[in-house]
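Worksheet for the structure shown next.
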Amino acid sequence: MAPGRDSLRRAGVALATRGAGVESLVTGLPLPLLVAFAVVTQLGDVWFYFLTLATAFWVGETVLGDRRQTAFLLGCALTALALSTTLKGYFGLPRPPGATVATGARQLPGALGVFYADAATADGTGFPSGHALGAMLVWGGAALTLDGDRRTRLAAGTAVVGLVGLSRVALGVHYLVDVLAGWAIGGVALVVLLGIGADRSPGRVLSVAALVALAGAVTNFDATHLTALGATLGARITWGAVGGDILRAPTGRRSGLLLTAVGLPLLGGPFAYLYAADPPATVAFAVSGLVTAGVLVLPLVADVVRENV
């Protein structure tokens, strides 16, 4: 192993096993507060970004303004996915003990208990926090680039980024240093993406996401890394081929809602399969690529259908 990589790995181990802040935040927290954190943490989950950003993209200018803006945020989300999977594979550091156990889940009734047991647990490697990293990139990106009152945007973005990170520590699925690292890496990445995509150039942002995912897949050829690679490549190739046409495709509120009603079931099924199942690596690569390509190209398909009907 190269000396530099060995030093980084040993530094990561020293930090991630320190457990700073976990005990003081988790011990003694009332169950209602833990359930609230389980809800808040969904704001930094991959499924939430898929649902909200895909819907905003399909509805078009009626939600976030220029569809180019939503494509930029999609690129931020895909960059977060690529960075998280690549770095977690690189460091391979464990989560805190008990991360797979939801404290108090048996005290909750029915569906609430099932939701809490799923939302308040996590497995796999833990450094850095993907939720914290993604929240910084997506919510931070939205706060800095969307229209509206700047103070309100920054306050809301800061609150969400902070609460998502805090929820990961409070639920006991991350060490504090995992969250701090996620925020720091996400912040640096956001500065880079804003710099290369200052004109809201989604193609450049998607290229960065694909390159990061490729770096991860080269060293860890498994379903997790190939999912990130497929998703980023699917989006980048699609945008490069028809991105200009997609931006010119008109979408009003009514047609956008219809597009969402078709798109969510059509692409939500494959996404749920990737999210909940454990597919073979090659299948994960293909399905994730089709999902992101489908999200981007669907407005163009709808426009072609409308013109020919």
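Letters A, B, ... go to the chains of the structure tokens in the order shown; residues in each chain start at 1; ligands are counted from 1 in the same order.
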Task: Non-local contacts of A:Leu93 (6 Å; only C-alpha atoms; under 5 positions in same chain excluded) as a PyMOL selection string - done: chain A and resi 125-127
Would you put the residues from that selection into a file with all heavy atoms, as a PDB file, in the first residue's frame?
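Ended up saving to result-v6.pdb:
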ATOM      1  N   THR A 125     -20.383   0.717   5.466  1.00  0.00           N
ATOM      2  CA  THR A 125     -19.351   1.626   5.966  1.00  0.00           C
ATOM      3  C   THR A 125     -19.923   3.011   6.266  1.00  0.00           C
ATOM      4  O   THR A 125     -20.971   3.385   5.737  1.00  0.00           O
ATOM      5  CB  THR A 125     -18.201   1.745   4.952  1.00  0.00           C
ATOM      6  OG1 THR A 125     -18.744   2.096   3.677  1.00  0.00           O
ATOM      7  CG2 THR A 125     -17.470   0.420   4.827  1.00  0.00           C
ATOM      8  N   GLY A 126     -19.198   3.779   7.101  1.00  0.00           N
ATOM      9  CA  GLY A 126     -19.802   5.004   7.603  1.00  0.00           C
ATOM     10  C   GLY A 126     -19.050   6.297   7.402  1.00  0.00           C
ATOM     11  O   GLY A 126     -19.550   7.350   7.800  1.00  0.00           O
ATOM     12  N   PHE A 127     -17.864   6.256   6.835  1.00  0.00           N
ATOM     13  CA  PHE A 127     -17.077   7.497   6.728  1.00  0.00           C
ATOM     14  C   PHE A 127     -16.808   7.843   5.269  1.00  0.00           C
ATOM     15  O   PHE A 127     -16.262   7.011   4.534  1.00  0.00           O
ATOM     16  CB  PHE A 127     -15.732   7.316   7.459  1.00  0.00           C
ATOM     17  CG  PHE A 127     -14.873   8.556   7.450  1.00  0.00           C
ATOM     18  CD1 PHE A 127     -14.992   9.507   8.440  1.00  0.00           C
ATOM     19  CD2 PHE A 127     -13.950   8.762   6.440  1.00  0.00           C
ATOM     20  CE1 PHE A 127     -14.190  10.651   8.431  1.00  0.00           C
ATOM     21  CE2 PHE A 127     -13.148   9.903   6.412  1.00  0.00           C
ATOM     22  CZ  PHE A 127     -13.278  10.841   7.418  1.00  0.00           C
TER      23      PHE A 127
END
TODO: as a ChimeraX atom specification, list the residues of stretch 155-230 of chain A assigned to helix (DSSP H, G or I) by DSSP on the backbone atoms of this structure.
DONE: /A:155-170,176-196,202-219,223-230
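With only C-alpha atoms as the atoms that count, the residue of A:Ala120, A:Ala223, A:Leu87, A:Ala71 with the shortest distance to A:Ala235 is A:Ala71.
Of the residues listed (A:Asp222, A:Asp123, A:Asp278, A:Asp66), A:Asp123 shows the shortest atom-to-atom separation from A:Arg95; distances use only C-alpha atoms.
Counting only C-alpha atoms, the residue from A:Leu247, A:Ala135, A:Leu259, A:Leu274 that sits nearest to A:Leu163 is A:Ala135.
Nearest to A:Ala80 of all the residues A:Gly165, A:Pro279, A:Gly240, A:Gly186 is A:Gly186, based on only C-alpha atoms.
Note that atom CA of A:Ala284 and atom CA of A:Leu206 are 19.0 Å apart.
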Open item on the list: Using only C-alpha atoms, which protein or nucleic acid residues come within 8 Å of A:Val59? Drop anything in the same chain fewer than 4 positions from it, and give the result as an NGL selection string.
Closed with: :A and (55 or 63 or 251-253 or 255-257 or 259-260)
TODO: Could you check which of A:Arg67, A:Val40, A:Gln107, A:Arg254 is closest to A:Leu146, using only C-alpha atoms?
DONE: A:Arg67
